[in-house]
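What follows is model-v1.cif (mmCIF, C-alpha atoms (C1' of nucleotides)).
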data_input
#
loop_
_atom_site.label_atom_id
_atom_site.label_comp_id
_atom_site.auth_asym_id
_atom_site.auth_seq_id
_atom_site.Cartn_x
_atom_site.Cartn_y
_atom_site.Cartn_z
CA MET A 14 -107.07 -32.84 -17.69
CA ALA A 15 -106.99 -36.58 -17.20
CA THR A 16 -104.17 -36.64 -14.69
CA LYS A 17 -105.99 -34.15 -12.52
CA HIS A 18 -108.51 -36.68 -11.33
CA GLU A 19 -106.43 -39.80 -11.53
CA ILE A 20 -103.62 -38.62 -9.32
CA GLY A 21 -105.26 -36.23 -6.90
CA THR A 22 -104.47 -32.63 -6.17
CA ARG A 23 -102.29 -33.24 -3.13
CA GLU A 24 -100.03 -35.69 -4.91
CA ARG A 25 -99.84 -33.46 -7.97
CA ILE A 26 -98.68 -30.56 -5.81
CA ILE A 27 -95.97 -32.69 -4.20
CA ARG A 28 -94.68 -33.90 -7.57
CA ALA A 29 -94.59 -30.40 -9.01
CA THR A 30 -92.77 -29.10 -5.94
CA SER A 31 -90.27 -31.94 -6.09
CA ARG A 32 -89.44 -31.42 -9.72
CA LEU A 33 -89.24 -27.65 -9.52
CA MET A 34 -87.03 -27.67 -6.43
CA GLN A 35 -84.90 -30.42 -7.96
CA ARG A 36 -84.24 -28.17 -10.93
CA GLN A 37 -83.95 -24.73 -9.39
CA GLY A 38 -83.76 -25.14 -5.64
CA TYR A 39 -85.86 -24.05 -2.70
CA GLY A 40 -85.34 -20.29 -2.83
CA ALA A 41 -85.94 -19.89 -6.53
CA THR A 42 -89.17 -21.90 -6.52
CA GLY A 43 -92.28 -19.86 -5.85
CA LEU A 44 -95.61 -21.12 -4.54
CA LYS A 45 -97.49 -19.58 -7.45
CA GLU A 46 -95.15 -21.36 -9.82
CA ILE A 47 -95.87 -24.61 -7.99
CA SER A 48 -99.63 -24.13 -8.11
CA ARG A 49 -99.43 -23.28 -11.81
CA GLU A 50 -97.29 -26.34 -12.60
CA ALA A 51 -99.51 -28.62 -10.52
CA GLU A 52 -102.68 -27.20 -12.10
CA ALA A 53 -103.97 -26.34 -8.67
CA THR A 54 -104.83 -23.04 -7.06
CA LEU A 55 -103.00 -21.32 -4.26
CA GLY A 56 -105.96 -22.05 -2.02
CA SER A 57 -105.55 -25.78 -2.60
CA VAL A 58 -101.85 -25.60 -1.85
CA TYR A 59 -102.46 -24.02 1.56
CA HIS A 60 -105.41 -26.30 2.18
CA PHE A 61 -103.25 -29.42 1.89
CA PHE A 62 -100.05 -27.90 3.25
CA PRO A 63 -100.95 -25.34 5.93
CA GLY A 64 -97.28 -25.23 6.94
CA GLY A 65 -96.58 -23.37 3.71
CA LYS A 66 -93.41 -23.54 1.70
CA GLN A 67 -91.33 -25.34 4.31
CA GLU A 68 -93.85 -28.14 4.77
CA LEU A 69 -94.06 -28.41 1.01
CA ALA A 70 -90.27 -28.72 0.74
CA VAL A 71 -90.21 -31.46 3.37
CA GLU A 72 -92.78 -33.45 1.41
CA ALA A 73 -90.85 -32.87 -1.81
CA VAL A 74 -87.66 -34.20 -0.25
CA ARG A 75 -89.51 -37.26 1.05
CA HIS A 76 -90.91 -37.78 -2.43
CA GLY A 77 -87.38 -37.71 -3.82
CA ASP A 78 -86.34 -40.13 -1.11
CA ARG A 79 -89.03 -42.57 -2.23
CA GLU A 80 -88.05 -42.21 -5.88
CA PHE A 81 -84.39 -43.10 -5.37
CA THR A 82 -85.30 -45.81 -2.86
CA GLU A 83 -87.41 -47.43 -5.54
CA LEU A 84 -84.57 -47.27 -8.06
CA LEU A 85 -82.17 -48.91 -5.59
CA ARG A 86 -84.65 -51.61 -4.64
CA THR A 87 -85.44 -52.44 -8.25
CA VAL A 88 -81.79 -52.76 -9.25
CA PHE A 89 -80.83 -54.69 -6.10
CA ASP A 90 -83.65 -57.16 -6.71
CA ARG A 91 -82.62 -57.74 -10.29
CA VAL A 92 -78.81 -57.78 -9.98
CA ASP A 93 -77.41 -60.19 -7.46
CA ASP A 94 -73.80 -59.07 -7.29
CA PRO A 95 -73.54 -55.81 -5.34
CA ALA A 96 -70.61 -54.41 -7.34
CA ALA A 97 -72.44 -55.06 -10.60
CA ALA A 98 -75.60 -53.57 -9.13
CA ILE A 99 -73.85 -50.31 -8.27
CA ILE A 100 -72.59 -50.03 -11.85
CA VAL A 101 -76.18 -50.42 -13.06
CA CYS A 102 -77.34 -47.76 -10.62
CA ALA A 103 -74.70 -45.35 -11.88
CA ARG A 104 -75.72 -45.98 -15.47
CA ASP A 105 -79.41 -45.51 -14.64
CA LEU A 106 -78.67 -42.18 -12.99
CA SER A 107 -76.54 -41.16 -15.94
CA THR A 108 -79.11 -41.92 -18.62
CA GLY A 109 -81.91 -40.38 -16.57
CA LEU A 110 -79.90 -37.22 -16.18
CA ARG A 111 -79.00 -37.03 -19.86
CA ASP A 112 -82.56 -37.75 -20.99
CA SER A 113 -83.83 -34.80 -18.93
CA GLY A 114 -81.45 -32.49 -20.76
CA TRP A 115 -79.15 -32.46 -17.71
CA LEU A 116 -81.88 -30.78 -15.69
CA ASP A 117 -83.08 -33.43 -13.24
CA GLY A 118 -80.27 -34.24 -10.84
CA CYS A 119 -80.70 -35.60 -7.35
CA PRO A 120 -84.10 -34.45 -6.08
CA VAL A 121 -82.76 -34.03 -2.56
CA THR A 122 -79.28 -32.50 -2.81
CA THR A 123 -80.15 -29.03 -4.06
CA THR A 124 -82.80 -28.40 -1.45
CA ALA A 125 -80.69 -30.03 1.24
CA LEU A 126 -77.68 -27.78 0.65
CA GLU A 127 -79.81 -24.66 0.60
CA SER A 128 -81.50 -25.55 3.87
CA ALA A 129 -78.50 -26.91 5.79
CA GLY A 130 -78.27 -25.12 9.10
CA ARG A 131 -81.16 -22.75 8.35
CA LEU A 132 -84.31 -24.81 7.88
CA PRO A 133 -84.09 -27.73 10.33
CA ASP A 134 -87.20 -29.58 9.16
CA ILE A 135 -85.99 -29.78 5.57
CA GLN A 136 -82.45 -30.68 6.61
CA ARG A 137 -83.79 -33.51 8.77
CA ALA A 138 -85.86 -34.88 5.89
CA ALA A 139 -82.77 -34.83 3.66
CA GLU A 140 -80.69 -36.52 6.34
CA GLU A 141 -83.31 -39.26 6.65
CA ALA A 142 -83.24 -39.78 2.90
CA PHE A 143 -79.49 -40.31 2.83
CA GLU A 144 -79.79 -42.62 5.83
CA ASN A 145 -82.42 -44.70 4.08
CA TRP A 146 -80.33 -45.05 0.92
CA ARG A 147 -77.23 -46.02 2.89
CA GLY A 148 -79.31 -48.58 4.74
CA LEU A 149 -80.39 -50.21 1.49
CA VAL A 150 -76.80 -50.44 0.24
CA ARG A 151 -75.54 -51.73 3.57
CA ASP A 152 -78.19 -54.46 3.69
CA LYS A 153 -77.39 -55.46 0.12
CA LEU A 154 -73.72 -55.84 1.04
CA ARG A 155 -74.54 -57.70 4.25
CA ARG A 156 -76.68 -60.18 2.32
CA SER A 157 -73.72 -60.77 0.02
CA GLY A 158 -71.55 -61.73 2.96
CA PHE A 159 -69.68 -58.53 3.78
CA ASP A 160 -68.86 -57.76 7.40
CA GLU A 161 -71.11 -55.28 9.18
CA ASP A 162 -68.34 -52.67 9.60
CA VAL A 163 -67.16 -52.96 6.01
CA ALA A 164 -70.71 -52.80 4.68
CA HIS A 165 -71.51 -49.76 6.82
CA ASP A 166 -68.51 -47.79 5.56
CA LEU A 167 -68.93 -48.88 1.94
CA ALA A 168 -72.56 -47.80 2.01
CA HIS A 169 -71.46 -44.30 3.00
CA THR A 170 -68.98 -44.03 0.14
CA VAL A 171 -71.26 -45.63 -2.43
CA ILE A 172 -74.03 -43.11 -1.81
CA ASN A 173 -71.70 -40.13 -1.41
CA THR A 174 -69.72 -40.94 -4.54
CA LEU A 175 -72.87 -41.41 -6.59
CA GLU A 176 -74.18 -38.10 -5.27
CA GLY A 177 -70.96 -36.26 -6.05
CA ALA A 178 -70.65 -37.85 -9.47
CA GLU A 179 -74.25 -37.02 -10.36
CA MET A 180 -73.69 -33.40 -9.35
CA SER A 181 -70.50 -33.29 -11.40
CA ALA A 182 -72.20 -34.93 -14.37
CA GLN A 183 -74.98 -32.37 -14.26
CA VAL A 184 -72.66 -29.37 -14.07
CA SER A 185 -70.36 -30.60 -16.83
CA GLN A 186 -73.20 -32.14 -18.84
CA SER A 187 -71.23 -35.34 -19.29
CA GLU A 188 -71.86 -39.01 -18.60
CA ALA A 189 -68.21 -39.61 -17.73
CA PRO A 190 -68.31 -38.86 -13.97
CA LEU A 191 -71.03 -41.42 -13.26
CA GLU A 192 -69.52 -44.03 -15.56
CA ILE A 193 -66.16 -43.70 -13.82
CA ALA A 194 -67.81 -43.65 -10.40
CA GLY A 195 -69.57 -46.94 -11.12
CA ARG A 196 -66.34 -48.63 -12.15
CA HIS A 197 -64.37 -47.32 -9.18
CA LEU A 198 -67.05 -48.21 -6.65
CA ALA A 199 -67.23 -51.75 -8.03
CA ARG A 200 -63.45 -52.03 -7.75
CA LEU A 201 -63.55 -50.71 -4.18
CA ILE A 202 -66.27 -53.19 -3.19
CA ASP A 203 -64.42 -56.08 -4.80
CA SER A 204 -61.25 -55.14 -2.90
CA TYR A 205 -63.00 -56.13 0.35
CA ARG A 206 -63.96 -59.65 -0.72
CA MET B 27 -63.36 -0.56 10.06
CA ALA B 28 -59.77 -1.60 9.49
CA THR B 29 -60.54 -4.31 6.94
CA LYS B 30 -62.46 -1.83 4.86
CA HIS B 31 -59.33 -0.10 3.62
CA GLU B 32 -56.93 -2.99 3.77
CA ILE B 33 -58.90 -5.34 1.53
CA GLY B 34 -60.75 -3.04 -0.80
CA THR B 35 -64.44 -2.77 -1.48
CA ARG B 36 -64.50 -4.98 -4.53
CA GLU B 37 -62.77 -7.89 -2.83
CA ARG B 38 -64.92 -7.48 0.28
CA ILE B 39 -68.06 -7.72 -1.85
CA ILE B 40 -66.81 -10.90 -3.53
CA ARG B 41 -65.98 -12.53 -0.21
CA ALA B 42 -69.35 -11.63 1.28
CA THR B 43 -71.14 -12.97 -1.79
CA SER B 44 -69.14 -16.17 -1.71
CA ARG B 45 -69.82 -16.89 1.93
CA LEU B 46 -73.50 -16.00 1.76
CA MET B 47 -74.15 -18.07 -1.36
CA GLN B 48 -72.11 -20.91 0.10
CA ARG B 49 -74.41 -20.96 3.11
CA GLN B 50 -77.82 -20.23 1.63
CA GLY B 51 -77.52 -20.47 -2.14
CA TYR B 52 -78.01 -18.10 -5.03
CA GLY B 53 -81.74 -17.53 -4.86
CA ALA B 54 -81.92 -16.89 -1.15
CA THR B 55 -79.07 -14.37 -1.14
CA GLY B 56 -80.16 -10.77 -1.73
CA LEU B 57 -78.00 -7.93 -3.03
CA LYS B 58 -78.89 -5.74 -0.09
CA GLU B 59 -77.85 -8.54 2.24
CA ILE B 60 -74.54 -8.75 0.37
CA SER B 61 -73.91 -5.02 0.55
CA ARG B 62 -74.74 -5.01 4.26
CA GLU B 63 -72.43 -7.96 4.97
CA ALA B 64 -69.62 -6.45 2.89
CA GLU B 65 -70.04 -3.04 4.54
CA ALA B 66 -70.54 -1.50 1.13
CA THR B 67 -73.50 0.27 -0.41
CA LEU B 68 -75.70 -0.93 -3.21
CA GLY B 69 -74.17 1.75 -5.41
CA SER B 70 -70.72 0.27 -4.91
CA VAL B 71 -71.95 -3.20 -5.70
CA TYR B 72 -73.34 -2.11 -9.06
CA HIS B 73 -70.31 0.07 -9.68
CA PHE B 74 -67.94 -2.89 -9.47
CA PHE B 75 -70.33 -5.51 -10.86
CA PRO B 76 -72.54 -3.88 -13.48
CA GLY B 77 -73.70 -7.35 -14.53
CA GLY B 78 -75.68 -7.52 -11.29
CA LYS B 79 -76.40 -10.64 -9.32
CA GLN B 80 -75.28 -13.11 -11.98
CA GLU B 81 -71.88 -11.48 -12.46
CA LEU B 82 -71.52 -11.43 -8.68
CA ALA B 83 -72.29 -15.13 -8.49
CA VAL B 84 -69.71 -15.94 -11.15
CA GLU B 85 -67.04 -14.06 -9.21
CA ALA B 86 -68.11 -15.79 -6.00
CA VAL B 87 -67.77 -19.21 -7.62
CA ARG B 88 -64.32 -18.28 -8.94
CA HIS B 89 -63.38 -17.15 -5.46
CA GLY B 90 -64.44 -20.55 -4.12
CA ASP B 91 -62.44 -22.17 -6.89
CA ARG B 92 -59.29 -20.31 -5.76
CA GLU B 93 -59.90 -21.23 -2.12
CA PHE B 94 -60.08 -24.97 -2.71
CA THR B 95 -57.26 -24.81 -5.25
CA GLU B 96 -55.07 -23.30 -2.57
CA LEU B 97 -56.00 -26.02 -0.09
CA LEU B 98 -55.15 -28.74 -2.62
CA ARG B 99 -51.85 -27.11 -3.58
CA THR B 100 -50.78 -26.66 0.03
CA VAL B 101 -51.50 -30.26 0.95
CA PHE B 102 -49.97 -31.67 -2.23
CA ASP B 103 -46.79 -29.67 -1.62
CA ARG B 104 -46.49 -30.89 1.95
CA VAL B 105 -47.53 -34.54 1.56
CA ASP B 106 -45.63 -36.52 -1.02
CA ASP B 107 -47.74 -39.68 -1.24
CA PRO B 108 -50.98 -38.96 -3.16
CA ALA B 109 -53.12 -41.40 -1.16
CA ALA B 110 -51.92 -39.90 2.11
CA ALA B 111 -52.47 -36.41 0.72
CA ILE B 112 -56.12 -37.17 -0.08
CA ILE B 113 -56.69 -38.35 3.47
CA VAL B 114 -55.27 -35.06 4.73
CA CYS B 115 -57.55 -33.14 2.35
CA ALA B 116 -60.59 -35.02 3.62
CA ARG B 117 -59.64 -34.27 7.21
CA ASP B 118 -59.06 -30.60 6.44
CA LEU B 119 -62.48 -30.33 4.84
CA SER B 120 -64.02 -32.14 7.78
CA THR B 121 -62.52 -29.92 10.48
CA GLY B 122 -63.24 -26.77 8.49
CA LEU B 123 -66.85 -27.80 8.12
CA ARG B 124 -67.24 -28.68 11.80
CA ASP B 125 -65.54 -25.48 12.97
CA SER B 126 -68.02 -23.40 10.99
CA GLY B 127 -70.90 -25.04 12.83
CA TRP B 128 -71.61 -27.21 9.76
CA LEU B 129 -72.48 -24.07 7.79
CA ASP B 130 -69.64 -23.63 5.31
CA GLY B 131 -69.69 -26.51 2.86
CA CYS B 132 -68.32 -26.42 -0.65
CA PRO B 133 -68.46 -22.81 -1.85
CA VAL B 134 -69.30 -23.91 -5.37
CA THR B 135 -71.73 -26.81 -5.14
CA THR B 136 -74.80 -25.02 -3.82
CA THR B 137 -74.69 -22.25 -6.39
CA ALA B 138 -73.76 -24.70 -9.13
CA LEU B 139 -76.75 -26.96 -8.55
CA GLU B 140 -79.15 -24.03 -8.42
CA SER B 141 -77.86 -22.62 -11.68
CA ALA B 142 -77.42 -25.84 -13.67
CA GLY B 143 -79.25 -25.49 -16.95
CA ARG B 144 -80.69 -22.08 -16.12
CA LEU B 145 -77.83 -19.63 -15.64
CA PRO B 146 -75.11 -20.64 -18.14
CA ASP B 147 -72.44 -18.18 -16.95
CA ILE B 148 -72.57 -19.45 -13.40
CA GLN B 149 -72.71 -23.07 -14.50
CA ARG B 150 -69.65 -22.57 -16.67
CA ALA B 151 -67.71 -21.01 -13.80
CA ALA B 152 -68.59 -24.00 -11.62
CA GLU B 153 -67.60 -26.41 -14.37
CA GLU B 154 -64.23 -24.70 -14.67
CA ALA B 155 -63.71 -24.95 -10.93
CA PHE B 156 -64.26 -28.71 -10.94
CA GLU B 157 -62.00 -29.03 -13.96
CA ASN B 158 -59.23 -27.12 -12.21
CA TRP B 159 -59.45 -29.29 -9.10
CA ARG B 160 -59.43 -32.49 -11.13
CA GLY B 161 -56.39 -31.18 -13.00
CA LEU B 162 -54.49 -30.69 -9.76
CA VAL B 163 -55.28 -34.22 -8.56
CA ARG B 164 -54.43 -35.73 -11.94
CA ASP B 165 -51.07 -33.96 -12.05
CA LYS B 166 -50.29 -35.07 -8.52
CA LEU B 167 -50.99 -38.69 -9.50
CA ARG B 168 -49.02 -38.35 -12.73
CA ARG B 169 -46.01 -37.04 -10.83
CA SER B 170 -46.25 -40.10 -8.58
CA GLY B 171 -45.98 -42.39 -11.58
CA PHE B 172 -49.59 -43.27 -12.36
CA ASP B 173 -50.62 -43.79 -15.97
CA GLU B 174 -52.38 -40.90 -17.67
CA ASP B 175 -55.68 -42.78 -18.07
CA VAL B 176 -55.68 -44.07 -14.52
CA ALA B 177 -54.80 -40.64 -13.15
CA HIS B 178 -57.54 -38.98 -15.20
CA ASP B 179 -60.23 -41.32 -13.96
CA LEU B 180 -59.02 -41.30 -10.36
CA ALA B 181 -59.03 -37.50 -10.35
CA HIS B 182 -62.71 -37.56 -11.28
CA THR B 183 -63.65 -39.90 -8.46
CA VAL B 184 -61.42 -38.22 -5.88
CA ILE B 185 -63.06 -34.84 -6.42
CA ASN B 186 -66.57 -36.22 -6.79
CA THR B 187 -66.33 -38.41 -3.71
CA LEU B 188 -64.94 -35.56 -1.62
CA GLU B 189 -67.77 -33.35 -2.85
CA GLY B 190 -70.43 -35.94 -2.09
CA ALA B 191 -68.94 -36.73 1.28
CA GLU B 192 -68.72 -33.07 2.26
CA MET B 193 -72.35 -32.58 1.31
CA SER B 194 -73.34 -35.64 3.30
CA ALA B 195 -71.24 -34.51 6.27
CA GLN B 196 -72.93 -31.13 6.23
CA VAL B 197 -76.44 -32.50 6.06
CA SER B 198 -75.89 -35.11 8.77
CA GLN B 199 -73.56 -32.86 10.79
CA SER B 200 -71.05 -35.66 11.16
CA GLU B 201 -67.38 -36.08 10.39
CA ALA B 202 -67.85 -39.72 9.47
CA PRO B 203 -68.57 -39.36 5.73
CA LEU B 204 -65.36 -37.46 5.01
CA GLU B 205 -63.25 -39.69 7.26
CA ILE B 206 -64.55 -42.78 5.48
CA ALA B 207 -64.18 -41.13 2.07
CA GLY B 208 -60.51 -40.37 2.75
CA ARG B 209 -59.78 -43.96 3.70
CA HIS B 210 -61.64 -45.43 0.74
CA LEU B 211 -60.07 -43.06 -1.78
CA ALA B 212 -56.60 -43.91 -0.47
CA ARG B 213 -57.42 -47.60 -0.81
CA LEU B 214 -58.70 -47.09 -4.33
CA ILE B 215 -55.58 -45.16 -5.34
CA ASP B 216 -53.30 -47.79 -3.82
CA SER B 217 -55.13 -50.52 -5.74
CA TYR B 218 -53.74 -49.06 -8.98
CA ARG B 219 -50.08 -49.17 -7.96
"C1'" DC C 177 -134.39 -30.09 -0.61
"C1'" DA C 178 -131.37 -28.49 3.16
"C1'" DT C 179 -127.12 -28.82 5.76
"C1'" DG C 180 -122.29 -29.25 6.33
"C1'" DC C 181 -117.67 -29.63 4.94
"C1'" DG C 182 -113.68 -30.64 2.27
"C1'" DA C 183 -111.86 -28.54 -1.72
"C1'" DT C 184 -111.27 -24.81 -4.96
"C1'" DA C 185 -110.63 -20.10 -6.27
"C1'" DG C 186 -108.12 -15.88 -6.42
"C1'" DA C 187 -107.96 -10.98 -4.61
"C1'" DA C 188 -105.18 -8.48 -1.48
"C1'" DC C 189 -101.40 -7.46 2.02
"C1'" DG C 190 -96.94 -6.02 3.56
"C1'" DA C 191 -92.39 -7.00 2.66
"C1'" DG C 192 -88.52 -7.63 0.01
"C1'" DC C 193 -86.59 -8.45 -4.54
"C1'" DG C 194 -83.10 -6.87 -8.51
"C1'" DC C 195 -82.10 -2.94 -10.52
"C1'" DT C 196 -81.94 2.18 -12.03
"C1'" DC C 197 -81.08 6.64 -11.15
"C1'" DT C 198 -79.35 11.02 -9.38
"C1'" DA C 199 -76.55 13.22 -5.99
"C1'" DT C 200 -72.54 13.57 -3.43
"C1'" DT C 201 -67.83 12.67 -1.81
"C1'" DC C 202 -63.01 12.03 -2.55
"C1'" DA C 203 -58.26 11.85 -4.53
"C1'" DC C 204 -55.55 13.46 -7.93
"C1'" DT C 205 -54.02 16.05 -12.06
"C1'" DA C 206 -53.97 20.11 -15.31
"C1'" DT D 128 -57.52 26.19 -7.71
"C1'" DA D 129 -60.56 24.22 -10.86
"C1'" DG D 130 -61.78 20.18 -13.02
"C1'" DT D 131 -62.29 15.17 -13.67
"C1'" DG D 132 -63.79 10.60 -13.03
"C1'" DA D 133 -63.89 6.77 -9.87
"C1'" DA D 134 -66.31 5.51 -5.78
"C1'" DT D 135 -69.94 5.99 -2.46
"C1'" DA D 136 -74.64 6.72 -1.05
"C1'" DG D 137 -79.42 5.51 -0.90
"C1'" DA D 138 -84.22 6.70 -2.50
"C1'" DG D 139 -87.39 4.77 -5.48
"C1'" DC D 140 -89.04 1.83 -9.60
"C1'" DG D 141 -91.99 -2.15 -10.94
"C1'" DC D 142 -92.54 -6.52 -9.60
"C1'" DT D 143 -92.98 -10.90 -7.17
"C1'" DC D 144 -92.71 -13.14 -2.87
"C1'" DG D 145 -95.15 -16.06 1.04
"C1'" DT D 146 -99.11 -15.72 3.31
"C1'" DT D 147 -103.94 -14.59 4.68
"C1'" DC D 148 -108.54 -14.08 3.84
"C1'" DT D 149 -113.26 -14.45 2.18
"C1'" DA D 150 -116.28 -16.51 -1.13
"C1'" DT D 151 -117.81 -20.20 -3.74
"C1'" DC D 152 -118.14 -24.92 -5.44
"C1'" DG D 153 -119.27 -30.01 -5.39
"C1'" DC D 154 -121.19 -33.59 -3.16
"C1'" DA D 155 -122.47 -36.80 0.54
"C1'" DT D 156 -125.78 -37.28 4.24
"C1'" DG D 157 -130.13 -35.84 7.02
#
Go ahead and render the structure in this file as structure tokens.
Amino acid sequence: MATKHEIGTRERIIRATSRLMQRQGYGATGLKEISREAEATLGSVYHFFPGGKQELAVEAVRHGDREFTELLRTVFDRVDDPAAAIIVCARDLSTGLRDSGWLDGCPVTTTALESAGRLPDIQRAAEEAFENWRGLVRDKLRRSGFDEDVAHDLAHTVINTLEGAEMSAQVSQSEAPLEIAGRHLARLIDSYR
Amino acid sequence: MATKHEIGTRERIIRATSRLMQRQGYGATGLKEISREAEATLGSVYHFFPGGKQELAVEAVRHGDREFTELLRTVFDRVDDPAAAIIVCARDLSTGLRDSGWLDGCPVTTTALESAGRLPDIQRAAEEAFENWRGLVRDKLRRSGFDEDVAHDLAHTVINTLEGAEMSAQVSQSEAPLEIAGRHLARLIDSYR
DNA sequence: CATGCGATAGAACGAGCGCTCTATTCACTA
DNA sequence: TAGTGAATAGAGCGCTCGTTCTATCGCATG
């Protein structure tokens, strides 16, 4: 298989873990399923991730963090106005979700909720992801002239509303929640100008 | 045990399932764990829920639906202004979450995300829960004089933002996300008057 | 060619899973 | 009092889980 040697076993394992846990959560994802999906053996999995399933989940969450960070950066670079940029983000999430057959929601949320209060390492990784995303939004708003306090609070609600809307969109298999969320967030941002 | 005969085995099993799945998700919750927590035997569990784990999860989600519905109804009855009512809801969620040691988040979200696209019965129950909650918010707004379209869209974002903020609050173990969400949602609602 | 080591390979372990099954208890009616 | 069916009880089924372990492979360096 071509991808096997171009990407590397370790990275392939992380990607498989991320996608599987994104779709079915931490508990329902088995290590043998991961090794099968990644076209690696169980030995390789434990060779690269001696911490086992938990270490694997942490890396998967960080991978999801990087993915969404990249989406935010790309949109923020291309769209100057922050309110307009958020609408684009919402639409990107919406189409991505629909194109996956409503299977691939936020790669962090599912695992985060399952691990909250029980698996500290995974929870911390998820917390860092949300922090990073909020930081990107806050900086974008700051660069557009918003006050520090306003930008800080708006960043919270932008990320949280997108998260909630994506979850809702996935469960109801509809693009409406994210479309509405984009419009409302833009209106909220504009109300602080 | 007093509660054993006052509540009834069936209801006790549903409550145990709901709380366990709320905290650790569908996959990580075992039937023996449920029967232990509910002070019932495995035989009783299958007697009342012959559909097994999936039927149990559906009932647990519906139980969570009723819980949040009751919270919304109570607050909406007591607080006339819809924007003020949403702030109260956000604070109630926040204190409830903190008082549980950041363990008891939304009783529907975790199970819903795990089952999306894989376990249709559970997904449908979760979808109905969100629909019910949106309906309550929409009616509240309608009764306060908002247009049908505006109320419909606002109901989406109110529920989704509260959901996202509660998830964020749980993961970061902080009351800030829900406090900010309440303020922003009130501002958004007021902007349509 | 020989040595060493990261990487691959998968058998095997104990534990726990969802679920089935039979046996027993209990309250109530014929 | 005998009979009936709901409810309780838990042993045991086949299976998969996360993890451990030993054996082998590929390949760079001596």
Notebook entry, point to check: For the file shown, what are the residues hit by the PyMOL selection byres ((chain C and resi 190) around 12), laid out as a ChimeraX atom specification?
Noted result: /C:188-189,191-192 /D:144-147
Explicit residue set for the PyMOL selection byres ((chain C and resi 182) around 10), as a PDB file with C-alpha atoms (C1' of nucleotides), keeping the file's coordinate frame:
ATOM      1  CA  HIS A  60    -105.410 -26.300   2.180  1.00  0.00           C
TER       2      HIS A  60
ATOM      3  C1'  DG C 180    -122.290 -29.250   6.330  1.00  0.00           C
ATOM      4  C1'  DC C 181    -117.670 -29.630   4.940  1.00  0.00           C
ATOM      5  C1'  DA C 183    -111.860 -28.540  -1.720  1.00  0.00           C
ATOM      6  C1'  DT C 184    -111.270 -24.810  -4.960  1.00  0.00           C
TER       7       DT C 184
ATOM      8  C1'  DG D 153    -119.270 -30.010  -5.390  1.00  0.00           C
ATOM      9  C1'  DC D 154    -121.190 -33.590  -3.160  1.00  0.00           C
TER      10       DC D 154
END
Checklist line | Explicit residue set for the PyMOL selection byres ((chain B) within 8 of (chain D)), as number ranges by chain | finding: B: 67-70, 73
Set the distance at 10 Å and use all atoms listed in the file: which residues neighbour segment 99-102 of chain B once local chain neighbours fewer than 2 positions away are removed? I'd like the list as a short mmCIF file (atom, residue, chain, number, x, y, z; two decimals) with C-alpha atoms, in the coordinates of the input.
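So around26.cif came out as:
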data_model
loop_
_atom_site.label_atom_id
_atom_site.label_comp_id
_atom_site.auth_asym_id
_atom_site.auth_seq_id
_atom_site.Cartn_x
_atom_site.Cartn_y
_atom_site.Cartn_z
CA PHE B 94 -60.08 -24.97 -2.71
CA THR B 95 -57.26 -24.81 -5.25
CA GLU B 96 -55.07 -23.30 -2.57
CA LEU B 97 -56.00 -26.02 -0.09
CA ARG B 104 -46.49 -30.89 1.95
CA VAL B 105 -47.53 -34.54 1.56
CA ASP B 106 -45.63 -36.52 -1.02
CA ASP B 107 -47.74 -39.68 -1.24
CA PRO B 108 -50.98 -38.96 -3.16
CA ALA B 110 -51.92 -39.90 2.11
CA ALA B 111 -52.47 -36.41 0.72
CA ILE B 112 -56.12 -37.17 -0.08
CA ILE B 113 -56.69 -38.35 3.47
CA VAL B 114 -55.27 -35.06 4.73
CA CYS B 115 -57.55 -33.14 2.35
CA ASP B 118 -59.06 -30.60 6.44
CA TRP B 159 -59.45 -29.29 -9.10
CA LEU B 162 -54.49 -30.69 -9.76
CA VAL B 163 -55.28 -34.22 -8.56
CA LYS B 166 -50.29 -35.07 -8.52
#
Padded axis-aligned box of segment 93-101 of chain A (3 Å per side), centre and edge lengths, Å, one decimal, as JSON:
{"center_x": -74.0, "center_y": -55.1, "center_z": -9.2, "size_x": 12.8, "size_y": 16.2, "size_z": 13.7}
Note to self: Could you work out which residues of chain B fall inside 8 Å of chain A? Count only C-alpha atoms, and format the result as a PyMOL selection string.
What the structure shows: chain B and resi 49-54+128-129+136+138-144+149-150+152-153+156+179+182-183+186-191+193-194+196-198+203+206-207+210+213-214
